[in-house]
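Enquirer: Got a structure for you, run_35.txt, holding compact mmCIF, C-alpha atoms.
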# COMPACT_ATOMS: atom_id res chain seq x y z
CA MET A 1397 -27.60 -45.72 -11.11
CA PRO A 1398 -24.32 -45.45 -13.03
CA VAL A 1399 -23.45 -42.07 -14.46
CA GLU A 1400 -21.29 -41.33 -17.45
CA GLU A 1401 -18.09 -40.07 -15.84
CA GLY A 1402 -17.22 -36.46 -16.48
CA LYS A 1403 -20.68 -35.57 -17.79
CA THR A 1404 -22.27 -32.51 -16.21
CA ILE A 1405 -25.94 -32.97 -15.37
CA LYS A 1406 -28.01 -29.80 -15.23
CA GLY A 1407 -29.16 -29.09 -11.69
CA ARG A 1408 -26.86 -31.68 -10.11
CA GLY A 1409 -23.53 -31.16 -8.38
CA ALA A 1410 -21.84 -34.53 -8.84
CA VAL A 1411 -20.24 -35.34 -12.19
CA SER A 1412 -19.47 -38.90 -11.07
CA SER A 1413 -21.25 -41.56 -9.06
CA PRO A 1414 -18.81 -43.84 -7.24
CA THR A 1415 -19.87 -47.26 -6.02
CA PRO A 1416 -20.64 -47.29 -2.26
CA ARG A 1417 -17.54 -48.38 -0.34
CA PHE A 1418 -19.39 -51.30 1.26
CA ASP A 1419 -20.67 -52.64 -2.07
CA HIS A 1420 -18.50 -55.26 -3.82
CA THR A 1421 -20.42 -54.95 -7.10
CA VAL A 1422 -19.27 -52.17 -9.44
CA SER A 1423 -21.56 -50.69 -12.13
CA VAL A 1424 -20.11 -48.84 -15.10
CA ALA A 1425 -22.01 -47.00 -17.84
CA VAL A 1426 -21.07 -48.27 -21.32
CA ASP A 1427 -22.31 -47.61 -24.83
CA ASP A 1428 -23.93 -50.83 -26.12
CA GLY A 1429 -24.89 -49.32 -29.46
CA TRP A 1430 -28.57 -49.10 -28.52
CA ASP A 1431 -28.83 -45.40 -27.83
CA ALA A 1432 -32.44 -44.94 -26.83
CA GLY A 1433 -31.76 -41.26 -26.29
CA ASP A 1434 -31.84 -40.73 -30.06
CA ASP A 1435 -35.39 -42.06 -30.23
CA PRO A 1436 -38.05 -39.47 -29.20
CA ASP A 1437 -40.30 -42.34 -28.07
CA PHE A 1438 -37.68 -43.55 -25.62
CA PRO A 1439 -35.94 -40.50 -24.13
CA SER A 1440 -32.99 -40.89 -21.80
CA PRO A 1441 -34.09 -41.11 -18.17
CA ASP A 1442 -33.99 -37.85 -16.27
CA PRO A 1443 -32.23 -37.99 -12.88
CA ALA A 1444 -35.43 -37.08 -11.07
CA THR A 1445 -35.49 -36.99 -7.28
CA THR A 1446 -37.02 -39.96 -5.46
CA PHE A 1447 -38.30 -39.54 -1.91
CA LEU A 1448 -38.34 -42.57 0.37
CA PRO A 1449 -39.65 -42.94 3.95
CA ASP A 1450 -37.02 -43.43 6.62
CA LYS A 1451 -38.87 -45.31 9.34
CA THR A 1452 -37.85 -43.27 12.33
CA LYS A 1453 -37.37 -44.66 15.83
CA ASN A 1454 -35.19 -41.94 17.35
CA LEU A 1455 -35.43 -38.44 15.90
CA ILE A 1456 -32.66 -36.89 18.00
CA ALA A 1457 -29.03 -37.76 17.20
CA THR A 1458 -26.17 -37.11 19.63
CA ASN A 1459 -22.43 -36.56 19.23
CA ARG A 1460 -19.37 -36.00 21.41
CA SER A 1461 -17.14 -34.07 19.01
CA PRO A 1462 -15.29 -31.39 21.01
CA ASP A 1463 -14.99 -29.00 18.05
CA ILE A 1464 -18.72 -28.89 17.29
CA PRO A 1465 -20.81 -26.42 19.33
CA PHE A 1466 -23.77 -28.77 19.92
CA ASP A 1467 -24.27 -32.26 21.26
CA GLN A 1468 -27.70 -33.11 19.92
CA SER A 1469 -29.33 -32.53 16.56
CA ILE A 1470 -32.25 -33.34 14.29
CA ASN A 1471 -31.79 -34.03 10.59
CA PRO A 1472 -35.19 -34.35 8.88
CA TYR A 1473 -33.64 -35.78 5.70
CA LYS A 1474 -30.91 -38.22 4.65
CA GLY A 1475 -29.38 -37.06 1.40
CA CYS A 1476 -29.73 -33.53 0.09
CA GLU A 1477 -31.13 -32.28 -3.18
CA HIS A 1478 -29.09 -29.10 -2.91
CA GLY A 1479 -26.24 -31.08 -4.48
CA CYS A 1480 -23.30 -29.21 -2.92
CA ILE A 1481 -20.29 -31.00 -4.35
CA TYR A 1482 -18.16 -30.53 -1.22
CA CYS A 1483 -20.78 -31.80 1.26
CA TYR A 1484 -19.14 -33.81 4.03
CA ALA A 1485 -22.43 -35.71 4.56
CA ARG A 1486 -22.20 -37.46 1.18
CA PRO A 1487 -20.35 -40.55 2.52
CA THR A 1488 -23.30 -41.38 4.80
CA HIS A 1489 -25.27 -42.62 1.77
CA ALA A 1490 -22.81 -45.49 1.48
CA TYR A 1491 -24.37 -46.93 4.66
CA LEU A 1492 -27.59 -47.24 2.64
CA ASP A 1493 -25.73 -49.05 -0.21
CA LEU A 1494 -26.18 -45.94 -2.34
CA SER A 1495 -23.63 -43.77 -4.08
CA PRO A 1496 -22.37 -40.63 -2.33
CA GLY A 1497 -22.46 -39.05 -5.81
CA LEU A 1498 -25.72 -38.72 -7.72
CA ASP A 1499 -27.70 -40.99 -5.35
CA PHE A 1500 -27.02 -38.59 -2.48
CA GLU A 1501 -28.73 -35.83 -4.49
CA THR A 1502 -31.59 -37.87 -5.96
CA ARG A 1503 -32.48 -40.55 -3.38
CA ILE A 1504 -33.75 -38.57 -0.41
CA PHE A 1505 -35.03 -40.26 2.75
CA TYR A 1506 -37.45 -38.35 4.96
CA LYS A 1507 -38.17 -38.93 8.63
CA THR A 1508 -41.59 -40.37 9.43
CA ASN A 1509 -43.86 -39.34 12.31
CA PRO A 1510 -41.56 -36.47 13.36
CA ALA A 1511 -43.94 -34.87 15.86
CA LEU A 1512 -44.69 -38.18 17.58
CA ARG A 1513 -41.04 -39.21 17.79
CA LEU A 1514 -39.98 -35.79 19.06
CA ARG A 1515 -42.68 -35.77 21.73
CA GLU A 1516 -41.58 -39.23 22.86
CA ALA A 1517 -38.01 -37.98 23.29
CA LEU A 1518 -38.90 -34.73 25.05
CA ASP A 1519 -41.44 -36.39 27.34
CA HIS A 1520 -38.94 -38.97 28.54
CA PRO A 1521 -38.31 -38.34 32.25
CA ARG A 1522 -34.52 -38.51 31.80
CA TYR A 1523 -34.44 -36.03 28.92
CA VAL A 1524 -32.33 -32.94 29.68
CA CYS A 1525 -33.13 -29.80 27.71
CA ARG A 1526 -30.19 -28.63 25.58
CA THR A 1527 -30.20 -26.73 22.31
CA LEU A 1528 -31.21 -28.87 19.36
CA ALA A 1529 -29.26 -28.12 16.19
CA MET A 1530 -30.78 -28.51 12.72
CA GLY A 1531 -28.90 -28.42 9.43
CA THR A 1532 -25.78 -30.00 10.85
CA ASN A 1533 -25.67 -32.87 8.35
CA THR A 1534 -28.14 -32.14 5.56
CA ASP A 1535 -30.12 -28.96 4.98
CA PRO A 1536 -33.53 -28.85 6.74
CA TYR A 1537 -34.75 -26.44 4.03
CA GLN A 1538 -33.82 -28.40 0.92
CA PRO A 1539 -36.48 -28.49 -1.84
CA GLY A 1540 -38.33 -31.54 -0.45
CA GLU A 1541 -39.21 -29.60 2.72
CA LYS A 1542 -41.77 -27.62 0.71
CA ARG A 1543 -43.61 -30.90 0.13
CA PHE A 1544 -43.12 -32.70 3.44
CA GLY A 1545 -42.94 -29.85 5.98
CA ILE A 1546 -40.97 -31.92 8.48
CA THR A 1547 -38.83 -29.00 9.63
CA ARG A 1548 -41.90 -26.87 10.27
CA THR A 1549 -43.49 -29.72 12.23
CA VAL A 1550 -40.37 -29.93 14.39
CA LEU A 1551 -40.38 -26.17 15.01
CA GLU A 1552 -44.08 -26.22 15.97
CA THR A 1553 -43.39 -28.99 18.47
CA LEU A 1554 -40.34 -27.25 19.92
CA LEU A 1555 -42.35 -24.05 20.39
CA GLU A 1556 -45.01 -26.02 22.23
CA TYR A 1557 -42.33 -27.42 24.57
CA ARG A 1558 -40.46 -24.07 24.81
CA HIS A 1559 -37.32 -25.82 23.61
CA PRO A 1560 -34.26 -24.00 22.13
CA VAL A 1561 -33.21 -24.65 18.52
CA SER A 1562 -30.44 -23.46 16.23
CA ILE A 1563 -30.61 -23.80 12.42
CA VAL A 1564 -28.00 -23.75 9.66
CA THR A 1565 -29.26 -23.44 6.09
CA LYS A 1566 -28.58 -22.39 2.51
CA GLY A 1567 -32.28 -22.42 1.68
CA ALA A 1568 -34.57 -19.41 1.32
CA LEU A 1569 -37.52 -21.65 2.26
CA ILE A 1570 -36.69 -20.83 5.88
CA LEU A 1571 -38.61 -17.57 5.36
CA ARG A 1572 -41.81 -19.66 5.27
CA ASP A 1573 -41.23 -20.37 8.96
CA ILE A 1574 -40.29 -16.86 10.03
CA ASP A 1575 -43.48 -16.70 12.12
CA LEU A 1576 -42.41 -19.66 14.26
CA LEU A 1577 -38.77 -18.58 14.43
CA GLY A 1578 -39.77 -15.05 15.43
CA GLU A 1579 -41.95 -16.39 18.22
CA LEU A 1580 -39.20 -18.72 19.42
CA ALA A 1581 -36.60 -15.92 19.23
CA GLU A 1582 -38.81 -13.61 21.27
CA LEU A 1583 -38.54 -16.19 24.05
CA GLY A 1584 -34.77 -16.52 23.57
CA LEU A 1585 -35.18 -19.96 22.01
CA ALA A 1586 -33.94 -19.66 18.41
CA SER A 1587 -30.95 -18.63 16.33
CA VAL A 1588 -30.21 -19.01 12.62
CA ALA A 1589 -26.97 -19.31 10.66
CA VAL A 1590 -27.02 -18.70 6.90
CA SER A 1591 -24.19 -20.10 4.80
CA VAL A 1592 -23.03 -17.65 2.11
CA THR A 1593 -20.37 -19.52 0.17
CA THR A 1594 -20.04 -17.07 -2.71
CA LEU A 1595 -21.58 -13.90 -4.13
CA ASP A 1596 -21.03 -15.14 -7.68
CA ASN A 1597 -24.23 -16.78 -8.90
CA ARG A 1598 -22.42 -18.68 -11.66
CA LEU A 1599 -20.04 -20.25 -9.14
CA LYS A 1600 -22.96 -20.95 -6.82
CA THR A 1601 -24.69 -22.88 -9.61
CA LEU A 1602 -21.62 -25.06 -10.11
CA LEU A 1603 -20.89 -25.60 -6.42
CA GLU A 1604 -24.41 -25.77 -4.97
CA PRO A 1605 -26.82 -26.22 -7.87
CA ARG A 1606 -30.20 -26.29 -6.09
CA THR A 1607 -29.51 -23.90 -3.23
CA ALA A 1608 -30.84 -20.35 -2.97
CA GLY A 1609 -28.83 -17.73 -4.84
CA PRO A 1610 -26.53 -15.28 -3.06
CA ALA A 1611 -29.08 -12.43 -3.16
CA ALA A 1612 -31.76 -14.66 -1.67
CA ARG A 1613 -29.48 -15.67 1.21
CA LEU A 1614 -28.70 -12.06 2.01
CA LYS A 1615 -32.46 -11.44 1.99
CA VAL A 1616 -32.88 -14.24 4.53
CA ILE A 1617 -30.34 -12.54 6.81
CA ARG A 1618 -32.13 -9.18 6.49
CA GLN A 1619 -35.58 -10.57 7.16
CA MET A 1620 -34.43 -12.70 10.08
CA LYS A 1621 -32.90 -9.64 11.69
CA GLU A 1622 -36.10 -7.67 11.11
CA ALA A 1623 -38.08 -10.48 12.76
CA GLY A 1624 -35.82 -10.34 15.81
CA VAL A 1625 -34.11 -13.67 15.14
CA PRO A 1626 -30.38 -13.67 15.99
CA VAL A 1627 -28.66 -14.43 12.70
CA HIS A 1628 -25.10 -15.53 12.04
CA ALA A 1629 -23.39 -15.86 8.65
CA MET A 1630 -21.04 -18.63 7.60
CA MET A 1631 -18.69 -18.95 4.66
CA ALA A 1632 -18.65 -22.70 4.45
CA PRO A 1633 -16.49 -23.87 2.93
CA VAL A 1634 -13.59 -21.66 1.94
CA ILE A 1635 -12.04 -23.36 -1.09
CA PRO A 1636 -8.46 -22.39 -2.04
CA PHE A 1637 -8.30 -20.53 -5.38
CA ILE A 1638 -12.03 -21.03 -5.97
CA ASN A 1639 -13.83 -18.69 -3.56
CA ASP A 1640 -11.19 -17.50 -1.06
CA GLU A 1641 -10.78 -14.24 -3.00
CA GLU A 1642 -14.33 -13.34 -1.92
CA ILE A 1643 -13.73 -13.43 1.84
CA GLU A 1644 -13.71 -9.66 2.34
CA ASN A 1645 -16.72 -9.09 0.07
CA VAL A 1646 -18.77 -11.84 1.69
CA VAL A 1647 -18.09 -10.49 5.18
CA ALA A 1648 -19.00 -6.96 4.06
CA LYS A 1649 -22.28 -8.06 2.50
CA VAL A 1650 -23.47 -10.22 5.39
CA ALA A 1651 -22.64 -7.41 7.82
CA GLU A 1652 -24.62 -4.97 5.68
CA ALA A 1653 -27.55 -7.42 5.63
CA GLY A 1654 -27.63 -7.58 9.44
CA ALA A 1655 -25.63 -10.60 10.57
CA ARG A 1656 -24.37 -10.32 14.15
CA ASP A 1657 -21.27 -12.39 13.49
CA ALA A 1658 -19.60 -14.46 10.80
CA SER A 1659 -17.41 -17.56 10.70
CA TYR A 1660 -15.91 -19.89 8.12
CA VAL A 1661 -15.04 -23.55 7.61
CA MET A 1662 -12.14 -24.65 5.43
CA LEU A 1663 -12.86 -27.22 2.73
CA ARG A 1664 -12.67 -30.77 4.06
CA LEU A 1665 -12.82 -33.88 1.89
CA PRO A 1666 -13.58 -37.04 3.89
CA LEU A 1667 -13.83 -40.46 2.24
CA GLU A 1668 -15.64 -40.36 -1.15
CA VAL A 1669 -15.93 -36.57 -1.13
CA GLU A 1670 -12.28 -36.32 -2.22
CA GLY A 1671 -12.89 -38.24 -5.45
CA LEU A 1672 -16.14 -36.44 -6.17
CA PHE A 1673 -14.49 -33.07 -5.66
CA ARG A 1674 -11.53 -34.00 -7.84
CA ASP A 1675 -13.91 -34.99 -10.64
CA TRP A 1676 -15.79 -31.72 -10.22
CA LEU A 1677 -12.56 -29.72 -10.40
CA ALA A 1678 -11.45 -31.56 -13.53
CA GLU A 1679 -14.78 -30.81 -15.17
CA HIS A 1680 -15.20 -27.15 -14.20
CA PHE A 1681 -11.74 -25.83 -13.27
CA PRO A 1682 -9.20 -28.10 -15.03
CA LEU A 1683 -6.44 -25.48 -15.10
CA ARG A 1684 -6.69 -24.87 -11.35
CA ALA A 1685 -7.35 -28.42 -10.23
CA GLU A 1686 -3.84 -29.45 -9.20
CA ARG A 1687 -3.14 -26.09 -7.57
CA VAL A 1688 -6.30 -26.39 -5.48
CA MET A 1689 -5.53 -29.94 -4.36
CA ALA A 1690 -1.88 -29.12 -3.60
CA CYS A 1691 -3.04 -26.37 -1.24
CA VAL A 1692 -5.59 -28.69 0.37
CA ARG A 1693 -2.89 -31.31 0.98
CA ASP A 1694 -0.59 -28.67 2.40
CA MET A 1695 -3.23 -27.74 4.98
CA HIS A 1696 -3.76 -31.36 6.02
CA GLY A 1697 -0.24 -32.70 6.44
CA GLY A 1698 0.18 -33.99 2.90
CA ARG A 1699 -3.27 -35.64 2.71
CA ALA A 1700 -6.56 -34.48 1.25
CA TYR A 1701 -8.12 -34.67 4.71
CA GLN A 1702 -7.13 -35.29 8.31
CA PRO A 1703 -10.03 -35.77 10.73
CA GLU A 1704 -8.22 -34.36 13.76
CA TRP A 1705 -10.41 -32.48 16.20
CA GLY A 1706 -9.44 -28.86 16.52
CA THR A 1707 -7.81 -28.52 13.07
CA ARG A 1708 -10.11 -30.36 10.64
CA MET A 1709 -12.33 -27.27 10.24
CA ARG A 1710 -9.44 -24.82 9.75
CA GLY A 1711 -6.39 -26.66 8.49
CA ARG A 1712 -2.77 -25.78 9.23
CA GLY A 1713 0.03 -23.94 7.51
CA ALA A 1714 0.59 -20.65 5.74
CA PHE A 1715 -2.58 -20.63 3.65
CA ALA A 1716 -4.80 -21.56 6.61
CA ASP A 1717 -3.18 -18.86 8.74
CA LEU A 1718 -3.64 -16.28 6.00
CA VAL A 1719 -7.35 -17.09 5.64
CA ALA A 1720 -7.83 -16.83 9.40
CA ALA A 1721 -6.08 -13.45 9.52
CA ARG A 1722 -8.05 -12.09 6.55
CA PHE A 1723 -11.35 -13.25 8.01
CA GLN A 1724 -10.69 -11.70 11.42
CA ARG A 1725 -9.55 -8.44 9.88
CA ALA A 1726 -12.69 -8.26 7.72
CA LYS A 1727 -14.90 -8.93 10.74
CA ARG A 1728 -13.24 -6.14 12.73
CA ARG A 1729 -13.63 -3.74 9.81
CA HIS A 1730 -17.39 -4.34 9.75
CA GLY A 1731 -18.02 -4.67 13.48
CA LEU A 1732 -18.98 -8.33 13.51
CA GLY A 1733 -18.63 -10.47 16.62
CA GLU A 1734 -18.03 -7.53 18.95
CA GLU A 1735 -20.54 -8.85 21.48
CA GLU A 1736 -20.73 -12.31 22.95
CA PRO A 1737 -23.89 -14.09 21.76
CA THR A 1738 -26.55 -14.65 24.38
CA PRO A 1739 -26.98 -18.39 25.01
CA LEU A 1740 -30.38 -19.79 24.10
CA ARG A 1741 -32.58 -20.38 27.11
CA THR A 1742 -33.28 -23.80 28.56
CA ASP A 1743 -35.15 -22.70 31.69
CA LEU A 1744 -38.47 -22.32 29.86
CA PHE A 1745 -38.66 -25.99 28.91
CA ARG A 1746 -41.96 -27.63 29.75
CA ARG A 1747 -43.79 -30.88 29.03
CA PRO A 1748 -47.31 -29.79 28.08
CA ASN A 1749 -48.59 -33.38 27.87
CA ALA A 1750 -47.11 -34.55 31.17
CA PRO A 1751 -49.69 -35.80 33.69
CA PRO A 1752 -50.19 -33.55 36.72
CA THR A 1753 -48.27 -34.42 39.88
CA LEU A 1754 -49.24 -34.02 43.50
CA PHE A 1755 -45.86 -32.56 44.51
Would you mind writing the file's structure down as C-alpha cells?
Expert:
Amino acid sequence: MPVEEGKTIKGRGAVSSPTPRFDHTVSVAVDDGWDAGDDPDFPSPDPATTFLPDKTKNLIATNRSPDIPFDQSINPYKGCEHGCIYCYARPTHAYLDLSPGLDFETRIFYKTNPALRLREALDHPRYVCRTLAMGTNTDPYQPGEKRFGITRTVLETLLEYRHPVSIVTKGALILRDIDLLGELAELGLASVAVSVTTLDNRLKTLLEPRTAGPAARLKVIRQMKEAGVPVHAMMAPVIPFINDEEIENVVAKVAEAGARDASYVMLRLPLEVEGLFRDWLAEHFPLRAERVMACVRDMHGGRAYQPEWGTRMRGRGAFADLVAARFQRAKRRHGLGEEEPTPLRTDLFRRPNAPPTLF
C-alpha cells in the first residue's frame, strides 16, 4: 500500500513506505482529483493491522553470529505492530514482497501450531538443550499477542519440558505471563530483558508508537524482580543527539526499579532502515537530521551502517567511546553488573512425551 511520503500517521512509526528491494514494480501515491476522503460516505482507508497465518514448519531459528549471546531463538511473529522506526528487522519484510515501512507495522504474520512444532523440535533425539531466546527479531509481546497468545503457549511448553528461555521486550503484556516466568525462574530457567529507550513519553511515541510507555516498562522491571525473575535493562538503541543525553537518567531509573544489570546498543541502520530513519528524522527532527546522520556515519567508517561483527552494535570513534565510558560510569554509580549472572540451567531438560526405555 503506497503511503504519501512525509505524512505522519497516528500510531505508526514509518512516514514512508519504500518498495521491497526484490520488487521491480514501484507504486507511488498521487492525487487524481478524486479525493474520497472529503466524502463522509467514502472515508480514507485506515491503516488497520492485518494478521496473516505463517504456516510454520520449523519454529526454532538458529544463527552463528559471534557477537550475539544466543544461537537459537523463537520469533512468534513476522512484522511488529510496535512500529519502532529504527527496527533492524524491518528489511525482512522485503522477503515477503512487502514494504519494510508501513507493511512491516500493519501486515503481521503469526506462527501456526506453535506447541506442536515446538514439541516436534524438542522431542527430536538429536536436539541439544540450549537457551531459547525470544524477542531477538520482533517483539513477542506486541499487541497481537493479546489475541493469539503464541508466546504464552511457547512458555507453557518450555515449562513442561523444563527448558531455559530468555526474553527481550518493550511490551507490558509480559506481566500477563508473570506466573509462568516466575515458575521458570524458580527453577533457574528464565531471564527477562526490558528495553528502556527513553524516559520521555513524547519521544517514545515518535520512536516506538505502540510500545508500552516508560513508566510501564519500569513497572515491568519492578514486578519481575518481585516475582524472582532475573531482569536486565537495555537502552536499545542509543541514537546520537536524540536520546543519548538520557543515558545517566535511564541507568539510574532501571537500577532503582530493580534491574540487575544494564547494557546498550548503538543505532544501526541496515538496508531499508537507513531511508526510513532519514525520512523520520526529516519529519520530526529536521534541524538535527544532518547532525545525527553525520555522527552515525562517523561511527561506521563513513557509511550509515557497517555489518562487521564486534563493532556493529557499538560503533567506533570518539562518540562511540564517549557513550561507552558514560554508560559504564553510570552503571558503577548505581551498582549494576557487579555480579556475574548465573547461567540458565540446561540439566533439568526432559521429554515428558518420550516413550519409556528399558535402559
Enquirer: Just the residues within 6 Å of Gly1479 in chain A, please, counting only C-alpha atoms, with nothing from its chain fewer than 5 positions along; format it as a count of residues only.
Expert: 5
Enquirer: Report, in Å to a single decimal, how far apart CA of Pro1416 in chain A and CA of Ala1700 in chain A are.
Expert: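 CA of Ala1700 in chain A sits 19.4 Å away from CA of Pro1416 in chain A.
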Enquirer: I need the residue nearest Leu1528 in chain A from this list: A:Pro1465, A:Gly1578, A:Gly1567, A:Pro1510. Use all atoms listed in the file for the distance.
Expert: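 Among the listed residues, the smallest separation from Leu1528 in chain A belongs to A:Pro1465.
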Enquirer: In the coordinate frame of the file, compute which residues have an atom within 6 Å of (-19.0, -27.4, -10.1) when using all atoms listed in the file, and state them as a ChimeraX atom specification.
Expert: /A:1602-1603,1676,1680
Enquirer: Give as a list in words the set of residues within 10 Å of the point (-7.7, -28.0, -2.3), where distances use the file's coordinates and all atoms listed in the file.
Expert: Val1634, Ile1635, Pro1636, Phe1637, Ile1638, Met1662, Leu1663, Arg1664, Leu1665, Glu1670, Phe1673, Arg1674, Leu1677, Arg1684, Ala1685, Glu1686, Arg1687, Val1688, Met1689, Ala1690, Cys1691, Val1692, Arg1693, Asp1694, Met1695, His1696, Ala1700 and Tyr1701 of chain A
Enquirer: So which one's closest to Gly1733 in chain A, A:His1478, A:His1628, A:Arg1526, A:Arg1708? Using only C-alpha atoms, please.
Expert: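 Checking each candidate against Gly1733 in chain A, we get A:His1628 as the closest.
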Enquirer: Which residue is closest to Leu1571 in chain A? Choose from A:Thr1532, A:Thr1508, A:Ser1413, A:Gln1619 and count only C-alpha atoms.
Expert: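 For Leu1571 in chain A, the nearest of the candidates is A:Gln1619.
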Enquirer: Restricting the calculation to only C-alpha atoms: of A:Phe1723, A:Phe1745, A:Phe1505, A:Tyr1484, which residue gets closest to Glu1541 in chain A?
Expert: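 With only C-alpha atoms as the atom set, the closest residue is A:Phe1505.
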Enquirer: Between A:Thr1738, A:Thr1502, A:Thr1452, A:Ser1469, which one has atoms that come closest to Gly1540 in chain A, using only C-alpha atoms?
Expert: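 For Gly1540 in chain A, the nearest of the given residues is A:Thr1502.
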Enquirer: Can you tell me how far CA of Leu1448 in chain A sits from CA of Ile1504 in chain A, in Å to one decimal?
Expert: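 For CA of Leu1448 in chain A relative to CA of Ile1504 in chain A, the distance reads 6.1 Å.
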Enquirer: Of the residues A:Ala1653, A:Asp1467, A:Gly1407, A:Tyr1557, which is the one nearest to Ala1750 in chain A, using all atoms listed in the file?
Expert: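 With all atoms listed in the file as the atom set, the closest residue is A:Tyr1557.
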Enquirer: Within 8 Å of Leu1455 in chain A, counting all atoms listed in the file, which residues show up once you throw out same-chain ones fewer than 2 positions away? Write them as a list in words, please.
Expert: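 These residues fall inside the cut-off: Thr1452, Lys1453, Ala1457, Ile1470, Asn1471, Lys1507, Pro1510, Arg1513, Leu1514 and Ala1517 of chain A.
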Enquirer: Extract, using all atoms listed in the file, all DNA, RNA and protein residues at most 9 Å from range 1583-1590 of chain A, discarding same-chain residues fewer than 2 positions from it, and format them as a PyMOL selection string.
Expert: chain A and resi 1527+1555+1558-1567+1577-1581+1592+1613-1614+1616-1617+1620+1625-1631+1655+1658+1738-1742+1744
Enquirer: Could you please determine the separation between CA of Cys1483 in chain A and CA of Thr1446 in chain A in Å, to one decimal place?
Expert: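 About the pair CA of Cys1483 in chain A and CA of Thr1446 in chain A: they are 19.4 Å apart.
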Enquirer: Report as AutoDock Vina command-line options the centre and the edge lengths, in Å to one decimal, of the axis-aligned box holding every listed atom of range 1701-1717 of chain A, padded by 4 Å on each side.
Expert:
--center_x -5.9 --center_y -27.3 --center_z 10.1 --size_x 20.9 --size_y 24.9 --size_z 20.9
